[in-house]
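query_3.cif, holding mmCIF, C-alpha atoms:
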```cif
data_query
loop_
_atom_site.label_atom_id
_atom_site.label_comp_id
_atom_site.auth_asym_id
_atom_site.auth_seq_id
_atom_site.Cartn_x
_atom_site.Cartn_y
_atom_site.Cartn_z
CA LYS A 267 -1.68 13.67 -1.43
CA ASN A 268 -0.53 12.74 2.02
CA GLU A 269 -1.28 15.12 4.82
CA VAL A 270 1.24 15.11 7.64
CA GLU A 271 0.40 16.68 10.97
CA GLN A 272 2.76 17.18 13.88
CA SER A 273 2.03 18.02 17.48
CA PRO A 274 2.81 19.99 19.43
CA GLN A 275 3.99 22.88 17.27
CA ASN A 276 6.02 24.29 20.15
CA LEU A 277 7.42 22.46 23.12
CA THR A 278 9.35 23.81 26.07
CA ALA A 279 11.02 21.49 28.56
CA GLN A 280 13.42 21.53 31.45
CA GLU A 281 16.69 19.69 31.17
CA GLY A 282 16.26 16.03 32.03
CA GLU A 283 12.61 15.77 31.03
CA PHE A 284 11.24 13.04 28.77
CA ILE A 285 9.93 14.51 25.53
CA THR A 286 7.46 13.17 22.99
CA ILE A 287 6.69 14.61 19.57
CA ASN A 288 3.86 13.14 17.55
CA CYS A 289 3.31 12.75 13.81
CA SER A 290 0.17 11.57 12.01
CA TYR A 291 -0.28 10.97 8.32
CA SER A 292 -3.35 10.37 6.19
CA VAL A 293 -2.46 7.76 3.56
CA GLY A 294 -0.31 4.67 3.33
CA ILE A 295 3.43 5.16 3.37
CA SER A 296 6.57 3.23 2.51
CA ALA A 297 8.58 5.01 5.18
CA LEU A 298 8.44 7.77 7.78
CA HIS A 299 11.46 10.00 8.31
CA TRP A 300 12.40 12.12 11.30
CA LEU A 301 14.68 15.08 10.68
CA GLN A 302 16.36 17.62 12.93
CA GLN A 303 16.97 21.25 12.03
CA HIS A 304 19.34 23.19 14.24
CA PRO A 305 18.95 26.92 14.87
CA GLY A 306 21.67 27.56 12.28
CA GLY A 307 19.43 25.99 9.66
CA GLY A 308 21.13 22.72 8.78
CA ILE A 309 18.81 19.73 8.34
CA VAL A 310 19.93 16.20 9.17
CA SER A 311 18.16 12.89 9.02
CA LEU A 312 17.65 11.18 12.38
CA PHE A 313 15.62 8.09 11.56
CA MET A 314 13.89 6.24 8.77
CA LEU A 315 11.10 3.93 9.91
CA SER A 316 8.99 1.49 7.96
CA SER A 317 7.86 -0.48 11.00
CA GLY A 318 8.48 -0.91 14.71
CA LYS A 319 10.99 1.09 16.65
CA LYS A 320 14.50 2.48 16.33
CA LYS A 321 16.84 3.87 18.96
CA HIS A 322 19.91 6.03 18.65
CA GLY A 323 21.42 7.24 21.87
CA ARG A 324 18.74 9.15 23.79
CA LEU A 325 16.42 9.30 20.78
CA ILE A 326 13.74 6.71 20.13
CA ALA A 327 11.36 6.65 17.19
CA THR A 328 8.29 4.44 16.91
CA ILE A 329 5.69 3.90 14.25
CA ASN A 330 2.23 2.32 14.25
CA ILE A 331 1.34 1.59 10.64
CA GLN A 332 -2.27 0.66 11.37
CA GLU A 333 -2.93 3.90 13.25
CA LYS A 334 -0.82 5.99 10.78
CA HIS A 335 1.10 7.51 13.65
CA SER A 336 4.71 7.93 14.67
CA SER A 337 6.37 9.34 17.76
CA LEU A 338 9.82 10.69 18.48
CA HIS A 339 10.95 10.45 22.09
CA ILE A 340 13.93 12.12 23.70
CA THR A 341 15.02 10.76 27.05
CA ALA A 342 16.95 12.89 29.56
CA SER A 343 16.62 15.99 27.40
CA HIS A 344 19.47 18.46 27.20
CA PRO A 345 19.70 22.08 26.00
CA ARG A 346 21.64 20.88 22.96
CA ASP A 347 18.49 19.01 21.88
CA SER A 348 16.87 22.38 21.21
CA ALA A 349 15.98 22.32 17.53
CA VAL A 350 13.11 21.91 15.12
CA TYR A 351 12.05 18.30 14.64
CA ILE A 352 10.36 17.45 11.37
CA CYS A 353 8.59 14.30 10.29
CA ALA A 354 8.21 13.43 6.63
CA ALA A 355 6.19 10.72 4.91
CA ALA A 356 7.17 8.81 1.78
CA ASN A 357 4.05 7.60 -0.01
CA ALA A 358 3.62 3.93 -0.74
CA GLY A 359 3.06 2.48 -4.17
CA GLY A 360 3.96 3.50 -7.67
CA THR A 361 7.06 5.40 -8.64
CA SER A 362 7.46 8.00 -5.94
CA TYR A 363 10.99 9.17 -6.80
CA GLY A 364 11.60 9.43 -3.08
CA LYS A 365 9.32 12.43 -2.76
CA LEU A 366 8.46 13.36 0.82
CA THR A 367 5.56 15.20 2.40
CA PHE A 368 6.71 17.13 5.43
CA GLY A 369 5.01 18.10 8.65
CA GLN A 370 5.30 21.71 9.77
CA GLY A 371 7.85 20.88 12.42
CA THR A 372 7.96 21.01 16.21
CA ILE A 373 10.09 23.70 17.81
CA LEU A 374 11.72 22.23 20.91
CA THR A 375 13.41 24.39 23.51
CA VAL A 376 15.13 22.73 26.45
CA HIS A 377 16.08 25.01 29.32
CA PRO A 378 18.96 24.22 31.69
CA ASP U 43 27.49 13.31 5.37
CA ALA U 44 27.03 13.85 1.65
CA GLY U 45 29.02 16.76 0.28
CA ILE U 46 26.31 19.19 -0.73
CA THR U 47 26.90 22.87 -1.21
CA GLN U 48 24.55 25.63 -2.20
CA SER U 49 25.39 28.98 -3.70
CA PRO U 50 24.85 31.72 -2.97
CA ARG U 51 24.07 31.28 0.72
CA HIS U 52 22.34 34.64 0.93
CA LYS U 53 20.88 36.82 -1.77
CA VAL U 54 18.84 39.99 -1.86
CA THR U 55 17.28 40.88 -5.18
CA GLU U 56 14.56 43.05 -6.61
CA THR U 57 11.17 42.07 -7.96
CA GLY U 58 11.30 41.13 -11.60
CA THR U 59 14.97 40.12 -11.76
CA PRO U 60 16.05 36.59 -12.67
CA VAL U 61 17.78 34.54 -9.99
CA THR U 62 19.61 31.24 -10.22
CA LEU U 63 20.47 29.11 -7.22
CA ARG U 64 22.99 26.33 -7.53
CA CYS U 65 23.19 23.00 -5.75
CA HIS U 66 26.39 21.00 -6.09
CA GLN U 67 26.98 17.48 -4.78
CA THR U 68 30.06 15.28 -4.73
CA GLU U 69 28.33 12.01 -3.81
CA ASN U 70 27.17 10.91 -7.26
CA HIS U 71 23.59 10.68 -6.03
CA ARG U 72 21.08 10.23 -8.81
CA TYR U 73 18.16 12.05 -7.18
CA MET U 74 18.12 15.73 -6.34
CA TYR U 75 15.39 17.95 -4.90
CA TRP U 76 14.70 21.63 -4.42
CA TYR U 77 12.54 22.68 -1.46
CA ARG U 78 11.43 25.96 -0.03
CA GLN U 79 10.84 26.45 3.67
CA ASP U 80 8.41 29.06 4.92
CA PRO U 81 6.94 29.68 8.37
CA GLY U 82 3.65 27.85 8.75
CA HIS U 83 4.23 25.67 5.69
CA GLY U 84 7.22 23.54 6.47
CA LEU U 85 9.31 22.19 3.63
CA ARG U 86 7.61 22.01 0.24
CA LEU U 87 8.95 20.39 -2.91
CA ILE U 88 9.52 22.74 -5.86
CA HIS U 89 11.15 20.47 -8.44
CA TYR U 90 13.09 17.25 -8.44
CA SER U 91 15.44 15.37 -10.70
CA TYR U 92 15.80 11.63 -11.18
CA GLY U 93 18.81 11.81 -13.48
CA VAL U 94 20.72 14.04 -15.85
CA LYS U 95 18.23 16.02 -17.91
CA ASP U 96 15.33 14.23 -16.12
CA THR U 97 13.30 16.63 -14.01
CA ASP U 98 9.72 17.04 -12.90
CA LYS U 99 7.52 19.44 -10.98
CA GLY U 100 6.76 19.32 -7.29
CA GLU U 101 3.83 20.80 -5.41
CA VAL U 102 4.91 24.48 -5.64
CA SER U 103 6.62 24.71 -9.03
CA ASP U 104 4.89 27.81 -10.46
CA GLY U 105 7.44 30.56 -11.17
CA TYR U 106 10.41 28.18 -10.98
CA SER U 107 12.38 26.19 -13.51
CA VAL U 108 15.26 23.77 -13.09
CA SER U 109 18.06 22.25 -15.08
CA ARG U 110 20.41 19.36 -14.56
CA SER U 111 23.07 19.04 -17.22
CA LYS U 112 25.40 16.90 -15.11
CA THR U 113 25.00 14.61 -12.14
CA GLU U 114 26.59 16.93 -9.61
CA ASP U 115 24.71 20.16 -10.36
CA PHE U 116 21.03 21.05 -10.02
CA LEU U 117 20.08 24.63 -10.80
CA LEU U 118 16.92 26.39 -9.67
CA THR U 119 15.90 29.51 -11.61
CA LEU U 120 13.36 32.12 -10.71
CA GLU U 121 12.68 33.67 -14.10
CA SER U 122 11.21 36.87 -12.66
CA ALA U 123 11.44 36.97 -8.90
CA THR U 124 8.43 38.04 -6.84
CA SER U 125 8.13 38.92 -3.18
CA SER U 126 6.21 35.69 -2.57
CA GLN U 127 9.39 33.81 -3.48
CA THR U 128 11.21 35.23 -0.47
CA SER U 129 12.11 32.07 1.37
CA VAL U 130 14.84 29.73 2.46
CA TYR U 131 15.69 27.26 -0.27
CA PHE U 132 17.14 23.84 0.44
CA CYS U 133 18.60 21.34 -1.93
CA ALA U 134 18.69 17.64 -1.08
CA THR U 135 20.09 14.52 -2.67
CA ALA U 136 19.33 10.82 -2.42
CA LEU U 137 21.00 7.77 -3.83
CA SER U 138 18.11 5.57 -4.93
CA GLY U 139 14.87 7.55 -4.92
CA GLU U 140 13.17 4.91 -2.80
CA GLY U 141 10.92 6.13 0.00
CA THR U 142 13.24 4.41 2.46
CA ASP U 143 16.26 6.29 1.19
CA THR U 144 17.84 9.01 3.31
CA GLN U 145 17.84 12.50 1.87
CA TYR U 146 20.90 14.64 2.52
CA PHE U 147 20.34 18.37 2.73
CA GLY U 148 22.45 21.30 1.73
CA PRO U 149 22.97 24.27 4.07
CA GLY U 150 20.24 26.38 2.49
CA THR U 151 20.04 29.69 0.63
CA ARG U 152 18.19 32.62 2.14
CA LEU U 153 16.59 34.63 -0.66
CA THR U 154 14.96 38.00 -0.12
CA VAL U 155 12.99 39.58 -2.95
CA LEU U 156 12.31 43.27 -2.39
#
```
Target format structure tokens, applied to this file:
Amino acid sequence: KNEVEQSPQNLTAQEGEFITINCSYSVGISALHWLQQHPGGGIVSLFMLSSGKKKHGRLIATINIQEKHSSLHITASHPRDSAVYICAAANAGGTSYGKLTFGQGTILTVHP
Amino acid sequence: DAGITQSPRHKVTETGTPVTLRCHQTENHRYMYWYRQDPGHGLRLIHYSYGVKDTDKGEVSDGYSVSRSKTEDFLLTLESATSSQTSVYFCATALSGEGTDTQYFGPGTRLTVL
């Protein structure tokens, strides 16, 4: 079973700051997903990574397969970025049926 | 976004009563998942389905059963609800079931078992 650890668990920032959230996993994966959960509860997918780096607007996600580590960066943070950010690992090999193992989430609060 | 609805959105019930939660999708996705989300545990997989009438257990399946009689509906049943099943339940769907596939989440159902 893959173990997925996120850090920090809570993060408070001032508007405009650069933010990094980290995710480590214990076994080989086929993909690493980053999700966002708004205070209202809805969960949306931000990124799927199997290697390298992806960018969408002010969000950047990177993955280092050898080190079993991924990071989510937010540049020029804004109060509307306040949410829970969740990483999830899809195990490699076999028939996984798309099952994911989730980290506990990072609660981000950005103050104006 | 995939059209995924969950019903009911909120439910309060008493210990020992049966409860059924419904997930409905309009995207014709083959794979469907039920998760529960609890403080300190994150999202955990209860059951999943890889086709009509094809289901299997996830990591926290005890006390839950599921059924999928048609592509668009995935039902989660708590046969005899317990207070430990108080949680927020999310349904998700995916097209291919590959690890690289995006999962689309429903809005969640908040269940309280008294």
- request: Find the residues in chain U near chain A: any atom within 12 Å counts, using all atoms listed in the file. Write them as a PyMOL selection string.
  value: chain U and resi 43-44+46-48+51+72-93+96-101+130-152
message: Give me the residues near Glu121 (chain U) as a list in words, where near means some atom within 9 Å (using all atoms listed in the file) and where sequence neighbours in that chain fewer than 6 positions away do not count.
response: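 Residues near the query, excluding close chain neighbours: Gly58, Thr59, Pro60, Val61, Thr62, Gly105, Tyr106 and Ser107 of chain U.
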message: Would you pick out the contacts of region 338-348 of chain A at 6 Å or less, using all atoms listed in the file, so that residues sharing its chain but fewer than 5 positions from it are not included, and give the list as a list of chain:residue names?
response: A:Glu281, A:Gly282, A:Glu283, A:Phe284, A:Ile285, A:Thr286, A:Ile287, A:Arg324, A:Leu325, A:Ile326, A:Ala327, A:Leu374, A:Thr375, A:Val376, A:His377
message: I'd like the interatomic distance between CA of Leu277 (chain A) and CA of Lys320 (chain A), to a tenth of an Å.
response: 22.3 Å
- request: Any chance you could resolve the PyMOL selection byres ((chain U and resi 114) around 7) against this file and give the residues as a list in words?
  value: His66, Gln67, Thr68, Asn70, Lys112, Thr113, Asp115 and Phe116 of chain U
query: Can you tell me how far CA of Pro274 (chain A) sits from CA of Ser129 (chain U), in Å to one decimal?
result: 23.6 Å
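In this model, the gap between CA of Lys321 (chain A) and CA of Ala279 (chain A) comes to 20.9 Å.
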- prompt: For Gln272 (chain A), which of A:His335, A:Pro378, A:Ile329, A:Ala349 is the closest residue, counting only C-alpha atoms?
  reply: A:His335
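With all atoms listed in the file as the basis for measurement, U:Ser109 is the residue among U:Ser109, U:Lys53, U:Thr124, U:Asp104 that approaches Cys65 (chain U) most closely.
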Provide an axis-aligned box for all listed atoms of region 60-67 of chain U, padding each side by 5 Å; report its centre and its edge lengths in Å to one decimal, as JSON.
```
{"center_x": 21.5, "center_y": 27.0, "center_z": -8.7, "size_x": 20.9, "size_y": 29.1, "size_z": 17.9}
```
- prompt: Contacts of Asn330 (chain A) at 9 Å or less, counting all atoms listed in the file, minus same-chain residues fewer than 6 places along, as a list in words?
  reply: Ser317, Gly318, Ser336 and Ser337 of chain A
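Every polymer residue reaching to within 10 Å of (-5.8, 9.7, 1.4), counting all atoms listed in the file, appears in this list: Lys267, Asn268, Glu269, Tyr291, Ser292, Val293 and Gly294 of chain A.
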Write out, as a short mmCIF file (atom, residue, chain, number, x, y, z; two decimals), keeping the file's coordinate frame, the residues just selected, with C-alpha atoms.
```cif
data_model
loop_
_atom_site.label_atom_id
_atom_site.label_comp_id
_atom_site.auth_asym_id
_atom_site.auth_seq_id
_atom_site.Cartn_x
_atom_site.Cartn_y
_atom_site.Cartn_z
CA LYS A 267 -1.68 13.67 -1.43
CA ASN A 268 -0.53 12.74 2.02
CA GLU A 269 -1.28 15.12 4.82
CA TYR A 291 -0.28 10.97 8.32
CA SER A 292 -3.35 10.37 6.19
CA VAL A 293 -2.46 7.76 3.56
CA GLY A 294 -0.31 4.67 3.33
#
```
Just add N, CA and C atoms to region 138-151 of chain U and send it as a PDB file, in the frame of the given file.
```
ATOM      1  N   SER U 138      18.926   6.510  -4.162  1.00  0.00           N
ATOM      2  CA  SER U 138      18.110   5.570  -4.930  1.00  0.00           C
ATOM      3  C   SER U 138      16.734   6.077  -5.308  1.00  0.00           C
ATOM      4  N   GLY U 139      16.223   7.094  -4.628  1.00  0.00           N
ATOM      5  CA  GLY U 139      14.870   7.550  -4.920  1.00  0.00           C
ATOM      6  C   GLY U 139      13.789   6.670  -4.330  1.00  0.00           C
ATOM      7  N   GLU U 140      14.166   5.705  -3.513  1.00  0.00           N
ATOM      8  CA  GLU U 140      13.170   4.910  -2.800  1.00  0.00           C
ATOM      9  C   GLU U 140      12.686   5.713  -1.594  1.00  0.00           C
ATOM     10  N   GLY U 141      11.465   5.440  -1.163  1.00  0.00           N
ATOM     11  CA  GLY U 141      10.920   6.130   0.000  1.00  0.00           C
ATOM     12  C   GLY U 141      11.720   5.873   1.269  1.00  0.00           C
ATOM     13  N   THR U 142      12.425   4.752   1.301  1.00  0.00           N
ATOM     14  CA  THR U 142      13.240   4.410   2.460  1.00  0.00           C
ATOM     15  C   THR U 142      14.623   5.020   2.419  1.00  0.00           C
ATOM     16  N   ASP U 143      14.926   5.729   1.365  1.00  0.00           N
ATOM     17  CA  ASP U 143      16.260   6.290   1.190  1.00  0.00           C
ATOM     18  C   ASP U 143      16.412   7.577   1.984  1.00  0.00           C
ATOM     19  N   THR U 144      17.572   7.785   2.579  1.00  0.00           N
ATOM     20  CA  THR U 144      17.840   9.010   3.310  1.00  0.00           C
ATOM     21  C   THR U 144      18.095  10.149   2.326  1.00  0.00           C
ATOM     22  N   GLN U 145      17.516  11.311   2.637  1.00  0.00           N
ATOM     23  CA  GLN U 145      17.840  12.500   1.870  1.00  0.00           C
ATOM     24  C   GLN U 145      18.855  13.322   2.650  1.00  0.00           C
ATOM     25  N   TYR U 146      19.835  13.828   1.939  1.00  0.00           N
ATOM     26  CA  TYR U 146      20.900  14.640   2.520  1.00  0.00           C
ATOM     27  C   TYR U 146      20.696  16.082   2.058  1.00  0.00           C
ATOM     28  N   PHE U 147      20.692  16.986   3.019  1.00  0.00           N
ATOM     29  CA  PHE U 147      20.340  18.370   2.730  1.00  0.00           C
ATOM     30  C   PHE U 147      21.564  19.271   2.654  1.00  0.00           C
ATOM     31  N   GLY U 148      21.477  20.238   1.768  1.00  0.00           N
ATOM     32  CA  GLY U 148      22.450  21.300   1.730  1.00  0.00           C
ATOM     33  C   GLY U 148      22.196  22.310   2.829  1.00  0.00           C
ATOM     34  N   PRO U 149      23.075  23.310   2.971  1.00  0.00           N
ATOM     35  CA  PRO U 149      22.970  24.270   4.070  1.00  0.00           C
ATOM     36  C   PRO U 149      21.884  25.319   3.899  1.00  0.00           C
ATOM     37  N   GLY U 150      21.315  25.422   2.710  1.00  0.00           N
ATOM     38  CA  GLY U 150      20.240  26.380   2.490  1.00  0.00           C
ATOM     39  C   GLY U 150      20.726  27.692   1.888  1.00  0.00           C
ATOM     40  N   THR U 151      19.820  28.344   1.172  1.00  0.00           N
ATOM     41  CA  THR U 151      20.040  29.690   0.630  1.00  0.00           C
ATOM     42  C   THR U 151      18.884  30.576   1.068  1.00  0.00           C
TER      43      THR U 151
END
```
